[in-house]
Each structure stands twice: as structure tokens, then as C-alpha cells.
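Structure file data.pdb (PDB, C-alpha atoms) is printed below.
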ATOM      1  CA  MET A   1     103.070 103.375 107.682
ATOM      2  CA  ARG A   2     104.147 107.012 107.388
ATOM      3  CA  LYS A   3     101.557 109.769 107.642
ATOM      4  CA  VAL A   4     101.631 113.244 106.161
ATOM      5  CA  LYS A   5     101.075 115.788 108.932
ATOM      6  CA  TYR A   6     101.462 119.090 107.055
ATOM      7  CA  ILE A   7     101.663 120.214 103.417
ATOM      8  CA  GLN A   8     102.814 123.382 101.690
ATOM      9  CA  PHE A   9     102.679 124.175  97.985
ATOM     10  CA  ILE A  10     106.146 125.417  97.110
ATOM     11  CA  LYS A  11     105.972 125.599  93.294
ATOM     12  CA  ASP A  12     103.975 124.148  90.420
ATOM     13  CA  PHE A  13     103.190 120.530  91.219
ATOM     14  CA  VAL A  14     105.600 120.242  94.153
ATOM     15  CA  ILE A  15     104.215 119.679  97.625
ATOM     16  CA  ARG A  16     106.455 120.029 100.676
ATOM     17  CA  CYS A  17     105.352 117.398 103.153
ATOM     18  CA  GLU A  18     106.094 117.025 106.835
ATOM     19  CA  PHE A  19     105.752 113.398 107.879
ATOM     20  CA  ASP A  20     104.906 111.949 111.276
ATOM     21  CA  ASN A  21     108.565 111.022 111.843
ATOM     22  CA  GLY A  22     109.551 114.708 111.592
ATOM     23  CA  GLU A  23     111.093 114.457 108.115
ATOM     24  CA  ILE A  24     110.358 117.185 105.601
ATOM     25  CA  ARG A  25     110.349 116.014 101.999
ATOM     26  CA  ASP A  26     109.375 117.471  98.624
ATOM     27  CA  LEU A  27     106.928 115.496  96.496
ATOM     28  CA  ASP A  28     106.977 116.414  92.796
ATOM     29  CA  ILE A  29     103.768 114.962  91.398
ATOM     30  CA  SER A  30     104.837 115.640  87.802
ATOM     31  CA  GLY A  31     107.238 112.725  88.120
ATOM     32  CA  ILE A  32     104.802 110.252  89.678
ATOM     33  CA  LEU A  33     101.314 110.930  88.307
ATOM     34  CA  ASN A  34     100.148 110.341  84.749
ATOM     35  CA  LYS A  35      99.330 113.688  83.133
ATOM     36  CA  ASN A  36      96.954 111.880  80.780
ATOM     37  CA  GLY A  37      95.240 109.682  83.370
ATOM     38  CA  LYS A  38      91.459 109.754  83.642
ATOM     39  CA  TYR A  39      91.525 111.418  87.078
ATOM     40  CA  SER A  40      95.186 112.218  87.753
ATOM     41  CA  ASN A  41      95.196 114.662  84.822
ATOM     42  CA  ARG A  42      92.849 116.911  86.810
ATOM     43  CA  VAL A  43      95.506 117.407  89.491
ATOM     44  CA  PHE A  44      97.698 119.136  86.894
ATOM     45  CA  ASP A  45      95.281 122.058  86.757
ATOM     46  CA  LYS A  46      97.072 124.636  88.924
ATOM     47  CA  ASP A  47      93.810 125.781  90.519
ATOM     48  CA  VAL A  48      92.950 122.189  91.467
ATOM     49  CA  PHE A  49      96.488 121.304  92.564
ATOM     50  CA  VAL A  50      96.479 123.842  95.397
ATOM     51  CA  THR A  51      93.237 122.435  96.840
ATOM     52  CA  ALA A  52      94.977 119.284  98.144
ATOM     53  CA  LYS A  53      94.252 118.354 101.758
ATOM     54  CA  ILE A  54      95.482 115.813 104.280
ATOM     55  CA  GLY A  55      93.122 112.952 105.063
ATOM     56  CA  GLU A  56      92.448 111.008 108.235
ATOM     57  CA  VAL A  57      95.084 108.370 107.540
ATOM     58  CA  GLY A  58      97.726 110.883 106.424
ATOM     59  CA  GLN A  59      97.056 110.704 102.693
ATOM     60  CA  ILE A  60      97.147 113.703 100.361
ATOM     61  CA  TYR A  61      93.846 114.060  98.545
ATOM     62  CA  TRP A  62      91.777 116.209  96.229
ATOM     63  CA  ASP A  63      88.018 116.317  96.825
ATOM     64  CA  GLY A  64      85.576 115.269  94.147
ATOM     65  CA  ILE A  65      87.864 114.884  91.130
ATOM     66  CA  ALA A  66      87.409 111.141  90.691
ATOM     67  CA  GLU A  67      84.175 109.237  90.170
ATOM     68  CA  MET A  68      82.639 106.060  91.491
ATOM     69  CA  LYS A  69      79.571 104.113  90.475
ATOM     70  CA  THR A  70      77.225 103.256  93.358
ATOM     71  CA  THR A  71      75.431  99.928  93.649
ATOM     72  CA  ASN A  72      72.348 101.506  92.056
ATOM     73  CA  GLY A  73      74.388 102.731  89.075
ATOM     74  CA  GLU A  74      74.626 106.390  90.071
ATOM     75  CA  ILE A  75      77.964 108.086  89.346
ATOM     76  CA  ILE A  76      79.180 110.158  92.303
ATOM     77  CA  PRO A  77      82.286 112.316  92.804
ATOM     78  CA  VAL A  78      84.926 110.950  95.189
ATOM     79  CA  GLU A  79      88.378 111.985  96.320
ATOM     80  CA  TYR A  80      91.548 111.226  94.409
ATOM     81  CA  ASP A  81      94.398 110.487  96.782
ATOM     82  CA  ILE A  82      98.057 109.660  97.136
ATOM     83  CA  CYS A  83      98.899 107.030  99.745
ATOM     84  CA  PRO A  84     101.144 108.455 102.490
ATOM     85  CA  ASP A  85     103.679 105.623 102.120
ATOM     86  CA  PHE A  86     103.835 106.232  98.368
ATOM     87  CA  ALA A  87     104.270 109.973  99.004
ATOM     88  CA  TYR A  88     107.108 109.230 101.414
ATOM     89  CA  LEU A  89     108.895 106.812  99.080
ATOM     90  CA  LYS A  90     108.548 109.071  96.011
ATOM     91  CA  SER A  91     109.524 112.317  97.741
ATOM     92  CA  ASN A  92     112.985 113.778  98.251
ATOM     93  CA  PRO A  93     114.377 114.841 101.631
ATOM     94  CA  ILE A  94     115.258 118.512 101.911
TER      95      ILE A  94
END
As C-alpha cells:
Amino acid sequence: MRKVKYIQFIKDFVIRCEFDNGEIRDLDISGILNKNGKYSNRVFDKDVFVTAKIGEVGQIYWDGIAEMKTTNGEIIPVEYDICPDFAYLKSNPI
């Protein structure tokens, strides 16, 4: 499994990613995420887009823009993420 090691926002909805194999690739989320999805649509807010981080397993994620129901029925905010393998396969080498 590939891991994202570093990200840089290079233009609207394009993230330059450095992967653990040394490759640098551009990930254009406008071509892979649903702009009308319940949670993915939030990533298309430019102010939210630039808050992406790298998680412990090399995923790209946005804090608190998705929701989950706990076992007691409480709705809590959770991260919305892009799997590092998916990011690798859907990105373009530069």
C-alpha cells in the first residue's frame, strides 16, 4: 500500500502528493469526488479544501466534515478521507 508523505495545494482542487516511494503526483479531486455527495461536496469549498491533512496510514483527510451515529444514537463529526492507494491510482505523475 502506498502512503502519502507530503501534500501541497497547487491550485483549486488539485493536491500535489509525495508518496512513500518518492513519486510526486497531482491529484485532481474534481475528477474523482462527487460534487453533490453528502460529505464529499464539502471538500469543494475552497476554505475547507486547503485544510486537508495526512493521516497515520498515509491517507488524505479533512477533519469533522462527515458524520457518524454512535451506538447510543448521537451524531458526531468524523473525518472524511481519501485512501492513499486510491489517491495514488487516481493521480497523475508530474
Exercise for the section: Just the residues within 6 Å of Leu27 (chain A), please, counting all atoms listed in the file, with nothing from its chain fewer than 6 positions along; format it as JSON, numbers by chain. Expected result: {"A": [14, 15, 91]}
Non-local contacts of Leu89 (chain A) (10 Å; all atoms listed in the file; under 5 positions in same chain excluded) as a compact mmCIF listing (two decimals) with C-alpha atoms, keeping the file's coordinate frame:
# COMPACT_ATOMS: atom_id res chain seq x y z
CA ARG A 2 104.15 107.01 107.39
CA ARG A 25 110.35 116.01 102.00
CA LEU A 27 106.93 115.50 96.50
CA PRO A 84 101.14 108.46 102.49
Exercise for the section: For Val48 (chain A), work out the shell of residues within 12 Å, counting all atoms listed in the file and skipping chain neighbours fewer than 2 positions away, then give it as a PyMOL selection string. Expected result: chain A and resi 9+12-13+39-46+50-53+61-65+80
Could you give me the centre and size, in Å to one decimal, of an axis-aligned box around all listed atoms of region 60-65 of chain A with 5 Å added on every side, as lines of an AutoDock Vina configuration file?
center_x = 91.4
center_y = 115.0
center_z = 95.7
size_x = 21.6
size_y = 12.6
size_z = 19.2
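Between CA of Ile7 (chain A) and CA of Pro77 (chain A) there is a distance of 23.5 Å.
The smallest atom-to-atom distance between Ala87 (chain A) and any of A:Gln8, A:Gly22, A:Asn36, A:Gly58, using only C-alpha atoms, is found for A:Gly58.
For the pair CA of Val78 (chain A) and CA of Ile54 (chain A), the separation is 14.8 Å.
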Exercise for the section: Can you work out the spacing between CA of Ile29 (chain A) and CA of Lys90 (chain A) in Å, to one decimal? Expected result: 8.9 Å
Practice task
Identify, on the basis of only C-alpha atoms, every residue whose closest approach to Tyr88 (chain A) does not exceed 10 Å; exclude the query and any residue fewer than 4 positions from it along the same chain; express the result as a ChimeraX atom specification.
Solution key: /A:1-4,17-19,23-27,83-84,92-93
Exercise for the section: Identify, on the basis of all atoms listed in the file, every residue whose closest approach to Ile75 (chain A) does not exceed 12 Å; exclude the query and any residue fewer than 6 positions from it along the same chain; express the result as a list in words. Expected result: Gly64, Ala66, Glu67, Met68 and Lys69 of chain A
Filtering to C-alpha atoms, could you give me those residues as an mmCIF file, in the frame of the given file?
data_model
loop_
_atom_site.group_PDB
_atom_site.id
_atom_site.type_symbol
_atom_site.label_atom_id
_atom_site.label_comp_id
_atom_site.auth_asym_id
_atom_site.auth_seq_id
_atom_site.Cartn_x
_atom_site.Cartn_y
_atom_site.Cartn_z
ATOM 1 C CA GLY A 64 85.576 115.269 94.147
ATOM 2 C CA ALA A 66 87.409 111.141 90.691
ATOM 3 C CA GLU A 67 84.175 109.237 90.170
ATOM 4 C CA MET A 68 82.639 106.060 91.491
ATOM 5 C CA LYS A 69 79.571 104.113 90.475
#
Output requested as a PDB file, in the frame of the given file - region 26-55 of chain A, filled out with N, CA and C atoms.
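Printed below is part_19.pdb as written:
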ATOM      1  N   ASP A  26     110.087 116.866  99.742  1.00  0.00           N
ATOM      2  CA  ASP A  26     109.375 117.471  98.624  1.00  0.00           C
ATOM      3  C   ASP A  26     108.865 116.384  97.688  1.00  0.00           C
ATOM      4  N   LEU A  27     107.578 116.449  97.387  1.00  0.00           N
ATOM      5  CA  LEU A  27     106.928 115.496  96.496  1.00  0.00           C
ATOM      6  C   LEU A  27     106.577 116.217  95.202  1.00  0.00           C
ATOM      7  N   ASP A  28     107.238 115.832  94.112  1.00  0.00           N
ATOM      8  CA  ASP A  28     106.977 116.414  92.796  1.00  0.00           C
ATOM      9  C   ASP A  28     106.023 115.476  92.073  1.00  0.00           C
ATOM     10  N   ILE A  29     104.755 115.862  91.984  1.00  0.00           N
ATOM     11  CA  ILE A  29     103.768 114.962  91.398  1.00  0.00           C
ATOM     12  C   ILE A  29     103.945 114.810  89.891  1.00  0.00           C
ATOM     13  N   SER A  30     104.659 115.752  89.255  1.00  0.00           N
ATOM     14  CA  SER A  30     104.837 115.640  87.802  1.00  0.00           C
ATOM     15  C   SER A  30     105.673 114.425  87.437  1.00  0.00           C
ATOM     16  N   GLY A  31     106.432 113.907  88.379  1.00  0.00           N
ATOM     17  CA  GLY A  31     107.238 112.725  88.120  1.00  0.00           C
ATOM     18  C   GLY A  31     106.576 111.421  88.516  1.00  0.00           C
ATOM     19  N   ILE A  32     105.417 111.489  89.178  1.00  0.00           N
ATOM     20  CA  ILE A  32     104.802 110.252  89.678  1.00  0.00           C
ATOM     21  C   ILE A  32     103.367 110.026  89.206  1.00  0.00           C
ATOM     22  N   LEU A  33     102.694 111.090  88.770  1.00  0.00           N
ATOM     23  CA  LEU A  33     101.314 110.930  88.307  1.00  0.00           C
ATOM     24  C   LEU A  33     101.248 111.061  86.794  1.00  0.00           C
ATOM     25  N   ASN A  34     100.339 110.327  86.193  1.00  0.00           N
ATOM     26  CA  ASN A  34     100.148 110.341  84.749  1.00  0.00           C
ATOM     27  C   ASN A  34      99.371 111.600  84.353  1.00  0.00           C
ATOM     28  N   LYS A  35      99.986 112.447  83.568  1.00  0.00           N
ATOM     29  CA  LYS A  35      99.330 113.688  83.133  1.00  0.00           C
ATOM     30  C   LYS A  35      98.150 113.426  82.210  1.00  0.00           C
ATOM     31  N   ASN A  36      98.050 112.227  81.677  1.00  0.00           N
ATOM     32  CA  ASN A  36      96.954 111.880  80.780  1.00  0.00           C
ATOM     33  C   ASN A  36      95.967 110.906  81.409  1.00  0.00           C
ATOM     34  N   GLY A  37      96.129 110.620  82.697  1.00  0.00           N
ATOM     35  CA  GLY A  37      95.240 109.682  83.370  1.00  0.00           C
ATOM     36  C   GLY A  37      93.828 110.242  83.499  1.00  0.00           C
ATOM     37  N   LYS A  38      92.864 109.348  83.592  1.00  0.00           N
ATOM     38  CA  LYS A  38      91.459 109.754  83.642  1.00  0.00           C
ATOM     39  C   LYS A  38      91.183 110.743  84.770  1.00  0.00           C
ATOM     40  N   TYR A  39      91.750 110.516  85.949  1.00  0.00           N
ATOM     41  CA  TYR A  39      91.525 111.418  87.078  1.00  0.00           C
ATOM     42  C   TYR A  39      92.784 112.184  87.458  1.00  0.00           C
ATOM     43  N   SER A  40      93.951 111.540  87.351  1.00  0.00           N
ATOM     44  CA  SER A  40      95.186 112.218  87.753  1.00  0.00           C
ATOM     45  C   SER A  40      95.452 113.455  86.916  1.00  0.00           C
ATOM     46  N   ASN A  41      94.963 113.486  85.663  1.00  0.00           N
ATOM     47  CA  ASN A  41      95.196 114.662  84.822  1.00  0.00           C
ATOM     48  C   ASN A  41      94.575 115.919  85.426  1.00  0.00           C
ATOM     49  N   ARG A  42      93.525 115.760  86.205  1.00  0.00           N
ATOM     50  CA  ARG A  42      92.849 116.911  86.810  1.00  0.00           C
ATOM     51  C   ARG A  42      93.722 117.606  87.855  1.00  0.00           C
ATOM     52  N   VAL A  43      94.614 116.840  88.475  1.00  0.00           N
ATOM     53  CA  VAL A  43      95.506 117.407  89.491  1.00  0.00           C
ATOM     54  C   VAL A  43      96.501 118.384  88.869  1.00  0.00           C
ATOM     55  N   PHE A  44      96.748 118.260  87.572  1.00  0.00           N
ATOM     56  CA  PHE A  44      97.698 119.136  86.894  1.00  0.00           C
ATOM     57  C   PHE A  44      97.100 120.486  86.499  1.00  0.00           C
ATOM     58  N   ASP A  45      95.874 120.722  86.861  1.00  0.00           N
ATOM     59  CA  ASP A  45      95.281 122.058  86.757  1.00  0.00           C
ATOM     60  C   ASP A  45      95.769 122.814  87.991  1.00  0.00           C
ATOM     61  N   LYS A  46      96.463 123.918  87.792  1.00  0.00           N
ATOM     62  CA  LYS A  46      97.072 124.636  88.924  1.00  0.00           C
ATOM     63  C   LYS A  46      96.051 125.034  89.983  1.00  0.00           C
ATOM     64  N   ASP A  47      94.838 125.397  89.551  1.00  0.00           N
ATOM     65  CA  ASP A  47      93.810 125.781  90.519  1.00  0.00           C
ATOM     66  C   ASP A  47      93.340 124.589  91.342  1.00  0.00           C
ATOM     67  N   VAL A  48      93.333 123.409  90.752  1.00  0.00           N
ATOM     68  CA  VAL A  48      92.950 122.189  91.467  1.00  0.00           C
ATOM     69  C   VAL A  48      94.103 121.720  92.354  1.00  0.00           C
ATOM     70  N   PHE A  49      95.310 121.774  91.832  1.00  0.00           N
ATOM     71  CA  PHE A  49      96.488 121.304  92.564  1.00  0.00           C
ATOM     72  C   PHE A  49      96.552 121.887  93.980  1.00  0.00           C
ATOM     73  N   VAL A  50      96.335 123.171  94.100  1.00  0.00           N
ATOM     74  CA  VAL A  50      96.479 123.842  95.397  1.00  0.00           C
ATOM     75  C   VAL A  50      95.300 123.598  96.349  1.00  0.00           C
ATOM     76  N   THR A  51      94.355 122.763  95.950  1.00  0.00           N
ATOM     77  CA  THR A  51      93.237 122.435  96.840  1.00  0.00           C
ATOM     78  C   THR A  51      93.476 121.133  97.606  1.00  0.00           C
ATOM     79  N   ALA A  52      94.656 120.536  97.451  1.00  0.00           N
ATOM     80  CA  ALA A  52      94.977 119.284  98.144  1.00  0.00           C
ATOM     81  C   ALA A  52      94.841 119.464  99.651  1.00  0.00           C
ATOM     82  N   LYS A  53      94.427 118.380 100.304  1.00  0.00           N
ATOM     83  CA  LYS A  53      94.252 118.354 101.758  1.00  0.00           C
ATOM     84  C   LYS A  53      94.907 117.091 102.301  1.00  0.00           C
ATOM     85  N   ILE A  54      94.973 117.006 103.614  1.00  0.00           N
ATOM     86  CA  ILE A  54      95.482 115.813 104.280  1.00  0.00           C
ATOM     87  C   ILE A  54      94.291 115.065 104.868  1.00  0.00           C
ATOM     88  N   GLY A  55      94.220 113.773 104.582  1.00  0.00           N
ATOM     89  CA  GLY A  55      93.122 112.952 105.063  1.00  0.00           C
ATOM     90  C   GLY A  55      93.380 112.333 106.427  1.00  0.00           C
TER      91      GLY A  55
END
